[in-house]
Every structure is written in structure tokens, then in C-alpha cells.
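*Asks:* One structure, as C-alpha cells, below. Some questions next.
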2 protein chains.
Amino acid sequence: MSDNAHVPEKLTKNQSLVMGALEKASGPLSAYTILDELRAEGLRAPLQVYRALEKLVEFGRAHRLESINAFVACRHTDCDGHKAIAFMICEQCGHVREIGDSALAGQLQLLAEQSRFTMKSSIVELRGVCCEC
Amino acid sequence: MSDNAHVPEKLTKNQSLVMGALEKASGPLSAYTILDELRAEGLRAPLQVYRALEKLVEFGRAHRLESINAFVACRHTDCDGHKAIAFMICEQCGHVREIGDSALAGQLQLLAEQSRFTMKSSIVELRGVCCEC
DNA sequence: TTAGAAATGTTATACTATTACAAGATTGTT
DNA sequence: AACAATCTTGTAATAGTATAACATTTCTAA
């Protein structure tokens, strides 16, 4: 929703490690799972992971799933900032699908305006069962 | 979104205590804040609060705000189950506004159907600044 | 080169949530 | 009334998630 901060072309060492772990994963990962996977690469403390995650989310390279305290790599193909992102989280298999939708963004913006609320970002997470399950 | 479970007319002792704390509060409360407030009434352990909260959420009497790990009493006047609930969370003052909207529910249902996703419940939280701030 | 900013390393701690087990209360039957 | 099934409670221990504080290093732009 917001693209204020400048996004560096190159990630730092820890950011790269964490981004790699997220991209390699088939589903969402918790910060501590990431840490465990990266101990072999030298990471030792939660904060190293949390700091990297914070930046990655800021850059739009990763997302945080609030309802499950986990993180995923951004799978967005056409992330133009005019779309709200909705996550569909399968409660059976844990699979997460990320959808960017501009109609949804408009809907949320409308709701916010009706309440004179200045929306900075939106969180949309649908819980249910995916088509595979 | 789901109204399967039957809602008892009377709350149990701990449920009443927790519901009272939520209703008295002007904003969202964390489980541990609720616990601290209710120590005077005899509550001693987090689980007593979490169990009550679980039921209250199930009954639709309270909501959980996923993005801030906190709970609020339901302020819904016309909760008919055909509406999605959106929360607007002010990052300045902490105020939370709850809005039920059927157009939003339709939008989310549409998105889910397009992905052949069976939606059980939805989480919509807008972060920003309220009209007071 | 040097000052400021950003990133890192480390320890400790705070905050959030659940597991496991025992006991008491409620409800609906025989 | 007695019984079983179910729900609620109490308690202790532990698991899981996240940040504060401080020291140090690396990067970057003037």
C-alpha cells in the first residue's frame, strides 16, 4: 500500500539469507524456523532474523501473515501499489495464496473514507480450505 | 462469518469477568492486561483468560485483533452474518473502529471463489490514523 | 578521511499462548 | 437419587513470539 521508502537493489548479508530461506520454502515460515534453518550459515539470535524480516517486509519482498505469526516471500507478479493484497490460508495443508486486487483496494479505501480514517496499510487474510484439500 | 455453534444466553463466571473487562475498556486489551485487571476478582493464570476469550470470540461477543494481539468487545449493532467485519486501528491513539460491511463480504467471497478457496472466516484490519488524530 | 547512517552481534528480557493433568460443576438421563 | 457425559475451572510448567539495550562493525556520501 505504501512505497515511500527506497528499495535497495542489493540486500545485505542477513537479508539475503532470510530472503533465501523464504524463497526456498513452500509455505509460510516463523521467524524461529528461519533462525533454525540459518544457524548453519552463522545466524545465532532471533533479532538477526527479525531485523532482516522487518526490512524485507518494508521493501515489499516479503509479507507477514498476522493470523499465524509467519512470513512468506512475495509472490506478486504485478505489484503496482494500487492493489490490496489478500492472503488465503488453508487450515488443512497450510498453503498460502497471495492475491493482489484493485477492486478490493477500492472497497477498503471507500470504507476508510466513510469513517474519515486515513488508511496506511491493509491486512486481509482469509481462513478456510484451499482447492487442493 | 460462521454461526454454527450455539450461543448460550448466560456466560460462565470467568467468561463474564473477561467480557466485563472488555466492555469497560475504551480500547483493545491484551490477554495479560485482562488478567492483571481481574486478579482482584480471583483470576490467577493466563489460561483462565485465554479460555474465556476463546469462547467469547466463538459466541461473537468479542473479536481478536490479529495484528496487535489484542481483544475487543463486539460493538456490532446489526451483526447478521452476511457481513465481513473490518477493523480500523489508529496507530496514533490506539482507537479501534469496527465496521460490518456486506459489500466487502461479497468482494472477499468473490476473490475466494476465483481461487476455488472455501472461506471459513475473514480477517480485515486497516492500519492508519483515525479522524480524531 | 571522516562523520553519519545503517547493519551486525550478543545478552537478556518481555510478551503471547498452549500442553498436560487434576478436580469441580452442570446437565440430562435412567 | 444416582449415574455418566460434558463442560468449566484451577494450577503448574513450558513453548513460542518479539523487543530493549548496548557494543561494534560496515557502508556511504560529503
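A note on labels: chains of the C-alpha cells are A, B, ... as shown, every chain counts residues from 1, and ligands are counted from 1 in their shown order.
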For chain D, which residues have at least one atom within 12 Å of chain A, if we go by only C-alpha atoms (C1' of nucleotides)? Write them as a PyMOL selection string, please.
*Replies:* chain D and resi 16-20+26-27
*Asks:* Deliver the residues from the most recent selection as a file, using C-alpha atoms (C1' of nucleotides), as a PDB file, in the first residue's frame.
*Replies:*
```
ATOM      1  C1'  DG D  16       6.540 -19.791  21.106  1.00  0.00           C
ATOM      2  C1'  DT D  17       6.983 -14.884  19.591  1.00  0.00           C
ATOM      3  C1'  DA D  18       9.201 -10.376  19.856  1.00  0.00           C
ATOM      4  C1'  DT D  19      11.915  -6.401  21.555  1.00  0.00           C
ATOM      5  C1'  DA D  20      15.221  -3.487  24.592  1.00  0.00           C
ATOM      6  C1'  DT D  26      30.486  -1.827   7.791  1.00  0.00           C
ATOM      7  C1'  DC D  27      28.846   1.156   4.372  1.00  0.00           C
TER       8       DC D  27
END
```
*Asks:* Counting only C-alpha atoms, collect the residues of chain A whose closest atom lies at most 6 Å from chain B, and write them out as a ChimeraX atom specification.
*Replies:* /A:66-67,116-131
*Asks:* Once you have the residues from the selection above, write them out as a compact mmCIF listing (two decimals), in the first residue's frame, restricted to N, CA and C atoms.
*Replies:*
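To be explicit, this is the file written out as part.txt:
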```
# COMPACT_ATOMS: atom_id res chain seq x y z
N GLU A 66 -0.36 -12.09 9.73
CA GLU A 66 -0.63 -11.73 11.11
C GLU A 66 -1.35 -12.82 11.88
N SER A 67 -2.20 -13.55 11.20
CA SER A 67 -3.03 -14.50 11.92
C SER A 67 -2.29 -15.80 12.25
N ARG A 116 -13.74 8.47 7.77
CA ARG A 116 -12.71 9.50 7.84
C ARG A 116 -11.42 8.94 8.45
N PHE A 117 -11.09 7.75 8.01
CA PHE A 117 -9.91 7.06 8.51
C PHE A 117 -8.85 7.09 7.41
N THR A 118 -7.65 7.52 7.76
CA THR A 118 -6.57 7.57 6.78
C THR A 118 -5.83 6.24 6.78
N MET A 119 -6.09 5.45 5.76
CA MET A 119 -5.52 4.11 5.71
C MET A 119 -4.06 4.13 5.24
N LYS A 120 -3.19 3.55 6.07
CA LYS A 120 -1.78 3.46 5.68
C LYS A 120 -1.48 2.10 5.06
N SER A 121 -2.09 1.08 5.59
CA SER A 121 -1.89 -0.25 5.04
C SER A 121 -3.07 -1.14 5.42
N SER A 122 -3.18 -2.23 4.73
CA SER A 122 -4.32 -3.12 4.99
C SER A 122 -3.86 -4.56 5.18
N ILE A 123 -4.60 -5.24 6.00
CA ILE A 123 -4.33 -6.65 6.26
C ILE A 123 -5.59 -7.43 5.93
N VAL A 124 -5.49 -8.31 4.96
CA VAL A 124 -6.64 -9.14 4.60
C VAL A 124 -6.20 -10.60 4.56
N GLU A 125 -6.74 -11.39 5.45
CA GLU A 125 -6.39 -12.80 5.50
C GLU A 125 -7.66 -13.63 5.57
N LEU A 126 -7.83 -14.50 4.60
CA LEU A 126 -9.00 -15.37 4.57
C LEU A 126 -8.60 -16.74 5.08
N ARG A 127 -9.35 -17.24 6.03
CA ARG A 127 -9.09 -18.58 6.57
C ARG A 127 -10.08 -19.55 5.98
N GLY A 128 -9.61 -20.71 5.61
CA GLY A 128 -10.52 -21.68 5.03
C GLY A 128 -9.79 -22.89 4.48
N VAL A 129 -10.30 -23.42 3.39
CA VAL A 129 -9.74 -24.65 2.81
C VAL A 129 -9.47 -24.42 1.33
N CYS A 130 -8.27 -24.74 0.92
CA CYS A 130 -7.89 -24.49 -0.47
C CYS A 130 -8.47 -25.55 -1.39
N CYS A 131 -8.33 -25.32 -2.69
CA CYS A 131 -8.97 -26.21 -3.67
C CYS A 131 -8.33 -27.60 -3.69
```
*Asks:* Which residues are near DA22 (chain C)? Cut-off 12 Å, only C-alpha atoms (C1' of nucleotides), ignore same chain within fewer than 6 positions. Put them as a VMD selection string.
*Replies:* chain D and resid 9 to 12
*Asks:* Give as a VMD selection string every residue of chain A that touches chain C within 8 Å, counting only C-alpha atoms (C1' of nucleotides).
*Replies:* chain A and resid 12 45 48
*Asks:* So which residues of chain B fall under strand (DSSP E) by DSSP, listed as a ChimeraX atom specification?
*Replies:* /B:62-65,70-73,84-90,96-101,118-129
*Asks:* Write the residues of the preceding selection, restricted to N, CA and C atoms, as a tab-separated table (two decimals), in the first residue's frame.
*Replies:*
```
chain	number	residue	atom	x	y	z
B	62	ALA	N	-16.91	-11.11	21.29
B	62	ALA	CA	-15.63	-10.39	21.26
B	62	ALA	C	-14.89	-10.72	19.97
B	63	HIS	N	-13.93	-9.88	19.66
B	63	HIS	CA	-13.10	-10.12	18.48
B	63	HIS	C	-11.64	-10.08	18.85
B	64	ARG	N	-10.88	-10.81	18.08
B	64	ARG	CA	-9.44	-10.77	18.26
B	64	ARG	C	-8.83	-9.92	17.15
B	65	LEU	N	-7.97	-9.00	17.52
B	65	LEU	CA	-7.26	-8.19	16.53
B	65	LEU	C	-5.90	-8.83	16.30
B	70	ALA	N	-4.59	-8.45	20.43
B	70	ALA	CA	-5.45	-7.88	21.46
B	70	ALA	C	-6.90	-8.21	21.15
B	71	PHE	N	-7.75	-7.91	22.12
B	71	PHE	CA	-9.15	-8.29	22.01
B	71	PHE	C	-10.05	-7.10	22.30
B	72	VAL	N	-11.20	-7.08	21.62
B	72	VAL	CA	-12.18	-6.02	21.87
B	72	VAL	C	-13.56	-6.64	22.01
B	73	ALA	N	-14.41	-5.96	22.76
B	73	ALA	CA	-15.82	-6.36	22.81
B	73	ALA	C	-16.43	-6.05	21.45
B	84	ALA	N	-18.86	-8.89	6.34
B	84	ALA	CA	-17.48	-9.07	6.78
B	84	ALA	C	-17.18	-7.94	7.75
B	85	ILE	N	-16.35	-8.23	8.72
B	85	ILE	CA	-16.04	-7.20	9.70
B	85	ILE	C	-14.67	-6.62	9.40
B	86	ALA	N	-14.60	-5.31	9.34
B	86	ALA	CA	-13.31	-4.64	9.13
B	86	ALA	C	-13.00	-3.80	10.37
B	87	PHE	N	-11.77	-3.86	10.79
B	87	PHE	CA	-11.33	-3.05	11.92
B	87	PHE	C	-10.38	-1.97	11.44
B	88	MET	N	-10.62	-0.77	11.89
B	88	MET	CA	-9.71	0.33	11.58
B	88	MET	C	-8.97	0.66	12.86
B	89	ILE	N	-7.69	0.45	12.82
B	89	ILE	CA	-6.87	0.60	14.02
B	89	ILE	C	-6.00	1.84	13.90
B	90	CYS	N	-6.22	2.78	14.79
B	90	CYS	CA	-5.44	4.02	14.73
B	90	CYS	C	-4.07	3.81	15.39
B	96	VAL	N	-9.94	1.74	18.04
B	96	VAL	CA	-10.34	0.74	17.05
B	96	VAL	C	-11.81	0.94	16.68
B	97	ARG	N	-12.05	0.97	15.39
B	97	ARG	CA	-13.44	1.08	14.93
B	97	ARG	C	-13.81	-0.19	14.19
B	98	GLU	N	-14.96	-0.71	14.54
B	98	GLU	CA	-15.43	-1.95	13.93
B	98	GLU	C	-16.56	-1.67	12.97
B	99	ILE	N	-16.41	-2.13	11.73
B	99	ILE	CA	-17.43	-1.89	10.72
B	99	ILE	C	-17.84	-3.21	10.08
B	100	GLY	N	-19.12	-3.47	10.03
B	100	GLY	CA	-19.62	-4.64	9.32
B	100	GLY	C	-20.09	-4.19	7.95
B	101	ASP	N	-19.65	-4.88	6.91
B	101	ASP	CA	-19.97	-4.43	5.56
B	101	ASP	C	-20.27	-5.62	4.65
B	118	THR	N	-12.44	-22.20	-0.18
B	118	THR	CA	-13.64	-22.19	0.67
B	118	THR	C	-13.38	-21.36	1.91
B	119	MET	N	-13.92	-20.17	1.92
B	119	MET	CA	-13.65	-19.25	3.01
B	119	MET	C	-14.48	-19.58	4.24
B	120	LYS	N	-13.79	-19.76	5.36
B	120	LYS	CA	-14.50	-20.03	6.63
B	120	LYS	C	-14.65	-18.74	7.44
B	121	SER	N	-13.64	-17.90	7.38
B	121	SER	CA	-13.71	-16.63	8.10
B	121	SER	C	-12.72	-15.66	7.48
B	122	SER	N	-12.93	-14.41	7.77
B	122	SER	CA	-12.07	-13.39	7.18
B	122	SER	C	-11.51	-12.45	8.24
B	123	ILE	N	-10.33	-11.97	7.97
B	123	ILE	CA	-9.68	-11.02	8.85
B	123	ILE	C	-9.35	-9.79	8.03
B	124	VAL	N	-9.93	-8.67	8.41
B	124	VAL	CA	-9.64	-7.41	7.72
B	124	VAL	C	-9.29	-6.35	8.75
B	125	GLU	N	-8.06	-5.90	8.70
B	125	GLU	CA	-7.61	-4.88	9.64
B	125	GLU	C	-6.90	-3.77	8.88
B	126	LEU	N	-7.41	-2.57	9.01
B	126	LEU	CA	-6.80	-1.43	8.34
B	126	LEU	C	-5.97	-0.67	9.35
B	127	ARG	N	-4.75	-0.39	8.99
B	127	ARG	CA	-3.86	0.37	9.86
B	127	ARG	C	-3.77	1.79	9.35
B	128	GLY	N	-3.80	2.75	10.24
B	128	GLY	CA	-3.73	4.13	9.79
B	128	GLY	C	-3.99	5.10	10.92
B	129	VAL	N	-4.64	6.20	10.57
B	129	VAL	CA	-4.89	7.25	11.55
B	129	VAL	C	-6.36	7.62	11.55
```
*Asks:* Could you tell me which of B:Lys24, B:Lys83, B:Lys55, B:Arg61 comes closest to DC7 (chain D) if we count only C-alpha atoms (C1' of nucleotides)?
*Replies:*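 Closest to DC7 (chain D), using only C-alpha atoms (C1' of nucleotides): B:Lys55.
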*Asks:* Quick one: distance from CA of Asn14 (chain B) to CA of Leu53 (chain B) in Å, one decimal?
*Replies:*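 Answer for the CA of Asn14 (chain B) to CA of Leu53 (chain B) separation: 9.3 Å.
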*Asks:* To one decimal in Å, tell me the separation between CA of Gly27 (chain A) and C1' of DT14 (chain D).
*Replies:* 26.8 Å
*Asks:* Quote the spacing between CA of Glu58 (chain A) and CA of His6 (chain A) in Å to one decimal place.
*Replies:* 9.3 Å
